[in-house]
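Encoded as structure tokens, the structure appears first; notes follow it.
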Amino acid sequence: MSYIAKPNVSHPKAPKNELGLTERDYEGVVSTLCAGCGHDSVTAAIIQAVFELGIEPYKMCKISGIGCSSKTPAYFASQSHGFNSVHGRMPSVTTGANAANSALTYIGVSGDGDSLSIGMGQFAHVIRRNLDMCYVIENNGVYGLTKGQYSATADVGTVGKKGPANKQMPIDPVSTAIGLGATYIARGFSGAKEQLVPLIKGAIMHKGFALLDVISPCVTFNDHEGSTKSYAHTREHYHRVIKTDFVRPSEEIVAAYEAGDTMPIKLHDGSKIVFRRVDKDYDPTSRAAAFSYLRDSVNAGEIITGLLYIDEETGDMHDLSGSVSEPLSKIPYEELNPGADQLASLMDQYR
Amino acid sequence: MKSTDTSNPDYFHKVVDCQWACPAHTDVPGYIRLIAQGQFTDAYMLNRHSNIFPGILGRVCDRPCEPACRRGRIEDKPVAICRLKRVAADHREDITDRLPRAPAKTNGKKVALIGAGCASLAVANDLLPLGYEITIFEAHDTTGGLMRTNIPQFRLPPKVLDEEINNIVDMGADLKINHRIESMKELLDNDNYDAVFVGTGAPRGKELKLPGRYDSENIYIGIDWLECVAFEHIKKIGKKVLIIGVGNTAMDCCRSSLRLGATDVKVMARKPRAFFKASAWELEDAEEENVEIMVNHSPKEFVVENGKLTGMVFEQMEYTIDEKGRIDRGKVVGEVTIPCDDVILAIGQDNAFPWIERDIGIEFDEWECPVVNETTMMCSRDGVFFGGDSAFGPKNIIWAVAHGHEAAISIDKYCSGEDLQERLPRGVNLVSQKMGLHEWSFSNSYDAASRRLMPHVDLKERFKKIDIEVELGFTAEQAAAEVERCLNCDIQTVFTTKLCIECDACIDICPVDCLTMTEAGDEADLRSRLTAPAENTEQMLYVSDALPQTGRVMVKDEDLCVHCSLCAERCPTGAWDMRKSAIFIPQAEDEVASRESRSAASA
Ligand SMILES: Cc1cc2nc3c(=O)[nH]c(=O)nc-3n(C[C@H](O)[C@H](O)[C@H](O)COP(=O)(O)OP(=O)(O)OC[C@H]3O[C@@H](n4cnc5c(N)ncnc54)[C@H](O)[C@@H]3O)c2cc1C
Ligand SMILES: Cc1ncc(C[n+]2csc(CCOP(=O)(O)OP(=O)(O)O)c2C)c(N)n1
Ligand code: SF4
Ligand code: SF4
Ligand code: SF4
Ligand SMILES: [Mg+2]
């Protein structure tokens, strides 16, 4: 931790977004995580993404559970709304918030422990609801905050700093999400921002549930030799199946792509995600194909990264339940609360 | 681009912009930190080691360090480096015990210094403690050269001059005042000096031979006029005064005029403001005193009626400036006569050596300047050295001091029969400033305070006498605030490639986006791929070797680093560290010490 705050000085030529804000305007307080923690790089990538998307800070809501990863929301967008909830309960708090106000951008940050151990049930159900949010798992294979116990994503054979190797099968959040019907599923690495930033932007702009599993090494408890979630191991084994560019409605596609390998997908707001397939046969719109590809890669010991699956057709929670899309606070009280008579007649319909 | 060779002492030296820009390489951040700690005497002595005249320079230095100061790139205004020097001088205690002293026994070598200006005094300062017998010949009846005869007392009080000059002369120089050297040949032939140093300045003011120039007595050459004012031969001037030229001499002439009775003073400039020679701060000080500066007026002729100067005719000019900022020769668009009582010509100085014979082996170039080696300061005749304005034309005090240090090294080598070119190399020593897990030896947080304004004597009060010093010096509170503006550029970010695990922590934390990890490439290519624009090519890129995990390189753009230490503080492995660079600039005493240790080793 730093005793001094990040000083209030910036590059005189730091770029500004359409709101006239610089990236520094999207910062939070200085991180109190261990120096070198992957989670801080994820924070930096989120800052870059929301800066580039030009999101009004007051139209953004950051939610988390418990864990080192769950401290992340304190470190970005100081001027946004935020809720640091109970361990594993970030999905239901976000569901409530989104039900009341779907006009905000929801960024949930969680850990592998927070989502896949104590919060597994909540995780599964928020996916089922296709809640419109960007859900980031900062995945380090351990419970960082409680000093490095194996988490549910620890691979078989990985060794902790002390004690025996892990023997239990890991839960892979990506395959789980594919199985549960998530509509945007990606994996990134905290040490590869050029890939991570467009993935975050796509996840934010996707309408529906977007899962981002980010390998985010724990420098203190899980960055040694023998760990399968260290910086070095991740760098050695990661494989980009697909390169993803995020293109805003106002922008033109400028990068040069080789014909046949690209595949633009339009998001509901008009922005585009352009895929460049490294692996020619990969089809990110086929749930079955994504699933089997992932299974094969796990067997080969590869860490597959990129935007692995996308479905822009399925409606989000509000579409599925037919609820209103305006924020409840904007609806006049009389309309919001039509009175006891209306309630009674509604109840009668179900008698 | 190859990885950076930080063992070259110039690399880290350049990062300390002020010290690099200072001709005498004063350790600016070092003395600013000492002031911050209230160690005024130490701050003074650290200054004195490099620049000899902290009290004088703290008031009138040309301060090339300030336009170079990094703070000026982060925000508008640089650190008030120069005036902080004065703070050290104003608040120091008695330094008698800490001044260099001449040894009881001389080394038997005799050196003549011609002129008692700052250049000669610097040579004396370095050679007296080494045992040299120094004789100084000075034409005037006093020391200091232009510092005394031309820089007005309202900028530089004689008391300050006397004290710092005496500290040198009193070491035991033989000062011969009222002793103009009329023939170099005679001096070289008749007296047996082992070496001769010429520090006679550039004493001739440039003429402006326009019609009417010699028809009135009220037309003066600026530096001669200022000298007459200093020696009180001139005590008043007319009401309306025109100053021709807009360099620093012009600024002293216009402000002196105001103190001798003038009420309407105009500085006439041929070109637009962007092309003025005077420093911004000198212009500011003159304008504060209501001097009018008129641009685009080219002098044409003096108007003298019945032997009395009544005005001057100017051509009104118009210029075009191209996109590179270059100005053309201009065209005349009109003519105007401006009434005046006196005109002072301040359009520059030339060197003049009527007393050096041209057949004694001292070569002169086409501009009548001696041919002098820039490293050794020796001219074409062995054993004769030049420095200050006499060497390469008019410069300033701090350059004269820097020349003096180099000449002293050469004179010592010459008298010891050594090769003048084989000088001790510069060096750099790096020491980590980490004091604890999150603690640094220095005040590393960025202080957003803006530059303090120098308090001045009231605009009425100051004109009452010619020797009222206008600047009052910083108050204690101002000094305390100003020192915190210094970014400690000498506390360097030093990178150890093999320790880096490429976690990005340093890159994410850097407030000014100095750092990038990227694929290697040549410099122009790298500059286009950095985290933030890196357009200032005067500042270096610090490039690492290939990083252990990905083979990329760590690149630091030195341009805007605020030396906040956050990169080092957030680095989990200590790959970045903050280390204080001490730059070693050898002086004559170091050459002697090295000679002595070499001879001890071979004995
Ligand atoms: C009006 C004016 C204002 C200036 N203001 C500043 C300022 O604010 N800051 C700054 O840094 N610089 C300033 N300068 C420049 C600075 O004064 C000179 O660069 C500096 O003094 C040069 O030092 P020097 O030792 O080379 O020569 P000088 O200071 O010129 O000293 C030469 C000495 O040699 C003596 N001498 C000459 N010929 C002989 C001879 N034949 N025999 C014996 N003695 C001789 C002279 O009498 C004189 O004392 C100013 C210059 C002028 C003209
Ligand atoms: C209800 C409850 N159970 C247990 C804990 C203890 N606890 C705090 S954080 C944590 C695990 C966090 O792991 P993860 O989500 O992976 O976050 P990391 O610290 O690794 O980023 C646990 C078990 C708790 N805070 N609350
Ligand atoms: S900030 Fe301080 S150390 Fe850096 S250039 Fe300016 S005065 Fe020198
Ligand atoms: S010291 Fe480090 S973090 Fe601070 S400005 Fe310089 S490079 Fe950036
Ligand atoms: S913080 Fe240290 S280990 Fe991490 S990238 Fe920077 S230099 Fe390398
Ligand atoms: Mg974890």
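Residues are referred to by chain and number: the chain letter is A, B, ... according to the order shown in the structure tokens, the number counts from 1 in that chain, and ligands are numbered separately from 1 in the order shown.
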
Next on the checklist: Show me which residues line ligand 2, defined as having an atom within 9 Å of a ligand atom where only C-alpha atoms and all ligand atoms count, and present them as a VMD selection string.
Outcome noted: chain A and resid 39 65 to 71 86 to 88 110 to 119 137 to 153 216 218

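Once only C-alpha atoms and all ligand atoms are used for the distance check, the residues close to ligand 5 at 7 Å turn out to be A:Gly36, B:Leu499, B:Cys500, B:Ile501, B:Glu502, B:Cys503, B:Asp504, B:Ala505, B:Cys506, B:Ile507, B:Cys567, B:Arg570, B:Cys571, B:Pro572, B:Thr573, B:Gly574, B:Ala575, B:Trp576.
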
For the residues in that selection, give me N, CA, C and O atoms as a PDB file, in the first residue's frame.
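Dumped to part12.pdb:
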ATOM      1  N   GLY A  36       1.658  -5.460  -7.475  1.00  0.00           N
ATOM      2  CA  GLY A  36       1.853  -6.466  -8.516  1.00  0.00           C
ATOM      3  C   GLY A  36       0.670  -7.395  -8.694  1.00  0.00           C
ATOM      4  O   GLY A  36       0.699  -8.301  -9.529  1.00  0.00           O
TER       5      GLY A  36
ATOM      6  N   LEU B 499      14.501  -8.658 -12.904  1.00  0.00           N
ATOM      7  CA  LEU B 499      13.556  -8.798 -11.794  1.00  0.00           C
ATOM      8  C   LEU B 499      12.094  -8.642 -12.213  1.00  0.00           C
ATOM      9  O   LEU B 499      11.189  -8.966 -11.462  1.00  0.00           O
ATOM     10  N   CYS B 500      11.845  -8.157 -13.409  1.00  0.00           N
ATOM     11  CA  CYS B 500      10.474  -7.779 -13.783  1.00  0.00           C
ATOM     12  C   CYS B 500       9.631  -8.996 -14.143  1.00  0.00           C
ATOM     13  O   CYS B 500      10.046  -9.840 -14.922  1.00  0.00           O
ATOM     14  N   ILE B 501       8.427  -9.085 -13.546  1.00  0.00           N
ATOM     15  CA  ILE B 501       7.510 -10.181 -13.881  1.00  0.00           C
ATOM     16  C   ILE B 501       6.376  -9.696 -14.801  1.00  0.00           C
ATOM     17  O   ILE B 501       5.381 -10.381 -15.006  1.00  0.00           O
ATOM     18  N   GLU B 502       6.509  -8.489 -15.296  1.00  0.00           N
ATOM     19  CA  GLU B 502       5.560  -7.940 -16.275  1.00  0.00           C
ATOM     20  C   GLU B 502       4.124  -7.926 -15.751  1.00  0.00           C
ATOM     21  O   GLU B 502       3.201  -8.340 -16.429  1.00  0.00           O
ATOM     22  N   CYS B 503       3.972  -7.431 -14.540  1.00  0.00           N
ATOM     23  CA  CYS B 503       2.642  -7.414 -13.926  1.00  0.00           C
ATOM     24  C   CYS B 503       1.868  -6.150 -14.268  1.00  0.00           C
ATOM     25  O   CYS B 503       0.683  -6.048 -13.969  1.00  0.00           O
ATOM     26  N   ASP B 504       2.535  -5.154 -14.844  1.00  0.00           N
ATOM     27  CA  ASP B 504       1.877  -3.898 -15.238  1.00  0.00           C
ATOM     28  C   ASP B 504       1.657  -2.908 -14.088  1.00  0.00           C
ATOM     29  O   ASP B 504       1.109  -1.831 -14.312  1.00  0.00           O
ATOM     30  N   ALA B 505       2.025  -3.269 -12.876  1.00  0.00           N
ATOM     31  CA  ALA B 505       1.690  -2.404 -11.733  1.00  0.00           C
ATOM     32  C   ALA B 505       2.262  -1.000 -11.902  1.00  0.00           C
ATOM     33  O   ALA B 505       1.596  -0.004 -11.646  1.00  0.00           O
ATOM     34  N   CYS B 506       3.511  -0.937 -12.350  1.00  0.00           N
ATOM     35  CA  CYS B 506       4.156   0.371 -12.487  1.00  0.00           C
ATOM     36  C   CYS B 506       3.469   1.196 -13.563  1.00  0.00           C
ATOM     37  O   CYS B 506       3.279   2.402 -13.424  1.00  0.00           O
ATOM     38  N   ILE B 507       3.085   0.517 -14.619  1.00  0.00           N
ATOM     39  CA  ILE B 507       2.466   1.212 -15.751  1.00  0.00           C
ATOM     40  C   ILE B 507       1.119   1.783 -15.340  1.00  0.00           C
ATOM     41  O   ILE B 507       0.775   2.923 -15.647  1.00  0.00           O
ATOM     42  N   CYS B 567       6.088   4.086  -9.119  1.00  0.00           N
ATOM     43  CA  CYS B 567       6.417   2.873  -9.871  1.00  0.00           C
ATOM     44  C   CYS B 567       7.229   1.930  -8.994  1.00  0.00           C
ATOM     45  O   CYS B 567       6.955   0.736  -8.913  1.00  0.00           O
ATOM     46  N   ARG B 570       5.053   0.457  -6.177  1.00  0.00           N
ATOM     47  CA  ARG B 570       4.074  -0.563  -6.552  1.00  0.00           C
ATOM     48  C   ARG B 570       4.740  -1.794  -7.151  1.00  0.00           C
ATOM     49  O   ARG B 570       4.055  -2.807  -7.372  1.00  0.00           O
ATOM     50  N   CYS B 571       5.994  -1.736  -7.468  1.00  0.00           N
ATOM     51  CA  CYS B 571       6.653  -2.900  -8.069  1.00  0.00           C
ATOM     52  C   CYS B 571       6.855  -3.988  -7.024  1.00  0.00           C
ATOM     53  O   CYS B 571       7.463  -3.754  -5.989  1.00  0.00           O
ATOM     54  N   PRO B 572       6.317  -5.211  -7.282  1.00  0.00           N
ATOM     55  CA  PRO B 572       6.428  -6.261  -6.279  1.00  0.00           C
ATOM     56  C   PRO B 572       7.843  -6.812  -6.143  1.00  0.00           C
ATOM     57  O   PRO B 572       8.157  -7.453  -5.147  1.00  0.00           O
ATOM     58  N   THR B 573       8.675  -6.605  -7.144  1.00  0.00           N
ATOM     59  CA  THR B 573       9.972  -7.281  -7.127  1.00  0.00           C
ATOM     60  C   THR B 573      11.138  -6.316  -6.968  1.00  0.00           C
ATOM     61  O   THR B 573      12.295  -6.741  -6.982  1.00  0.00           O
ATOM     62  N   GLY B 574      10.858  -5.047  -6.896  1.00  0.00           N
ATOM     63  CA  GLY B 574      11.956  -4.068  -6.799  1.00  0.00           C
ATOM     64  C   GLY B 574      12.668  -3.864  -8.124  1.00  0.00           C
ATOM     65  O   GLY B 574      13.805  -3.397  -8.156  1.00  0.00           O
ATOM     66  N   ALA B 575      11.990  -4.218  -9.232  1.00  0.00           N
ATOM     67  CA  ALA B 575      12.623  -4.004 -10.541  1.00  0.00           C
ATOM     68  C   ALA B 575      12.828  -2.510 -10.792  1.00  0.00           C
ATOM     69  O   ALA B 575      13.821  -2.104 -11.391  1.00  0.00           O
ATOM     70  N   TRP B 576      11.894  -1.684 -10.358  1.00  0.00           N
ATOM     71  CA  TRP B 576      12.127  -0.243 -10.367  1.00  0.00           C
ATOM     72  C   TRP B 576      12.623   0.149  -8.986  1.00  0.00           C
ATOM     73  O   TRP B 576      12.095  -0.312  -7.978  1.00  0.00           O
TER      74      TRP B 576
END

Next on the checklist: Write out as a VMD selection string the set of residues from segment 119-365 of chain B that DSSP, computed on the backbone, places in strand (DSSP E or B).
Outcome noted: chain B and resid 133 to 137 174 to 176 195 to 198 204 to 205 219 to 221 240 to 244 264 to 268 292 to 294 297 to 305 308 to 318 321 327 331 to 339 342 to 345 349 to 350 364

Protein and nucleic residues near ligand 4, 6 Å, only C-alpha atoms and all ligand atoms, as an mmCIF file with N, CA, C and O atoms, in the first residue's frame:
data_model
loop_
_atom_site.group_PDB
_atom_site.id
_atom_site.type_symbol
_atom_site.label_atom_id
_atom_site.label_comp_id
_atom_site.auth_asym_id
_atom_site.auth_seq_id
_atom_site.Cartn_x
_atom_site.Cartn_y
_atom_site.Cartn_z
ATOM 1 N N CYS B 510 1.582 4.945 -12.725
ATOM 2 C CA CYS B 510 2.288 6.183 -13.079
ATOM 3 C C CYS B 510 1.294 7.302 -13.409
ATOM 4 O O CYS B 510 0.503 7.182 -14.334
ATOM 5 N N PRO B 511 1.337 8.394 -12.654
ATOM 6 C CA PRO B 511 0.328 9.438 -12.855
ATOM 7 C C PRO B 511 0.476 10.168 -14.182
ATOM 8 O O PRO B 511 -0.484 10.759 -14.673
ATOM 9 N N VAL B 512 1.672 10.151 -14.734
ATOM 10 C CA VAL B 512 1.883 10.902 -15.971
ATOM 11 C C VAL B 512 2.151 9.984 -17.169
ATOM 12 O O VAL B 512 2.642 10.441 -18.207
ATOM 13 N N CYS B 514 4.314 7.646 -18.017
ATOM 14 C CA CYS B 514 5.671 7.581 -18.578
ATOM 15 C C CYS B 514 6.029 6.209 -19.124
ATOM 16 O O CYS B 514 6.962 6.077 -19.897
ATOM 17 N N CYS B 561 8.357 12.547 -16.210
ATOM 18 C CA CYS B 561 8.398 11.834 -14.926
ATOM 19 C C CYS B 561 8.471 12.848 -13.788
ATOM 20 O O CYS B 561 9.298 13.752 -13.798
ATOM 21 N N VAL B 562 7.594 12.702 -12.799
ATOM 22 C CA VAL B 562 7.598 13.640 -11.669
ATOM 23 C C VAL B 562 8.354 13.072 -10.467
ATOM 24 O O VAL B 562 8.309 13.623 -9.382
ATOM 25 N N HIS B 563 9.043 11.944 -10.676
ATOM 26 C CA HIS B 563 9.870 11.334 -9.638
ATOM 27 C C HIS B 563 9.084 11.106 -8.344
ATOM 28 O O HIS B 563 9.574 11.374 -7.248
ATOM 29 N N CYS B 564 7.865 10.589 -8.525
ATOM 30 C CA CYS B 564 6.981 10.386 -7.382
ATOM 31 C C CYS B 564 7.255 9.064 -6.682
ATOM 32 O O CYS B 564 6.700 8.796 -5.627
ATOM 33 N N SER B 565 8.044 8.205 -7.297
ATOM 34 C CA SER B 565 8.424 6.897 -6.740
ATOM 35 C C SER B 565 7.314 5.861 -6.775
ATOM 36 O O SER B 565 7.501 4.754 -6.291
ATOM 37 N N LEU B 566 6.167 6.214 -7.310
ATOM 38 C CA LEU B 566 5.061 5.253 -7.239
ATOM 39 C C LEU B 566 5.364 3.970 -8.006
ATOM 40 O O LEU B 566 4.962 2.888 -7.594
ATOM 41 N N CYS B 567 6.088 4.086 -9.119
ATOM 42 C CA CYS B 567 6.417 2.873 -9.871
ATOM 43 C C CYS B 567 7.229 1.930 -8.994
ATOM 44 O O CYS B 567 6.955 0.736 -8.913
#

Checklist entry - Would you list which chain A residues are within 7 Å of chain B using only C-alpha atoms, as an NGL selection string? => result :A and (2-4 or 6-7 or 9-14 or 35-36 or 38 or 40-41 or 44 or 191 or 232)

Next on the checklist: I'd like the contact shell of Gly208 of chain A - 8 Å cut-off, only C-alpha atoms, skipping same-chain residues fewer than 4 positions apart - returned as JSON, numbers by chain.
Outcome noted: {"A": [130, 131, 132, 133, 183, 184, 314, 315, 316, 317]}

What's around Ser325 of chain A at 9 Å? Count only C-alpha atoms, leave out sequence neighbours fewer than 3 positions away in its own chain, and write the answer as a compact mmCIF listing (two decimals) with C-alpha atoms, in the first residue's frame.
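And here is the file that came out, part22.txt:
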# COMPACT_ATOMS: atom_id res chain seq x y z
CA ALA A 99 -34.78 -4.24 -11.80
CA ALA A 100 -35.27 -0.77 -10.38
CA ASN A 101 -33.06 1.08 -12.85
CA SER A 102 -32.02 -0.54 -16.08
CA ALA A 103 -30.60 2.72 -17.45
CA HIS A 318 -36.59 -7.02 -18.57
CA ASP A 319 -37.52 -8.42 -21.98
CA GLY A 322 -42.01 -7.83 -19.58
CA LEU A 328 -38.61 3.33 -11.49

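As for atom CA of Lys59 of chain A and atom CA of Leu104 of chain A, they are spaced 5.0 Å apart.
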
Next on the checklist: Residues near His125 of chain A, anyone? I mean within 9 Å using only C-alpha atoms, not counting same-chain ones fewer than 6 positions away, as JSON, numbers by chain.
Outcome noted: {"A": [91, 92, 180]}

Take the selection from the previous step and output its residues with N, CA and C atoms, as a compact mmCIF listing (two decimals), in the first residue's frame.
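As written to disk, result15.txt reads:
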# COMPACT_ATOMS: atom_id res chain seq x y z
N PRO A 91 -24.56 -10.99 -7.34
CA PRO A 91 -25.57 -11.12 -8.39
C PRO A 91 -26.96 -10.67 -7.95
N SER A 92 -27.38 -11.04 -6.73
CA SER A 92 -28.75 -10.67 -6.36
C SER A 92 -28.86 -9.17 -6.09
N LEU A 180 -24.92 -22.88 -18.85
CA LEU A 180 -26.06 -22.23 -18.21
C LEU A 180 -26.77 -21.25 -19.12
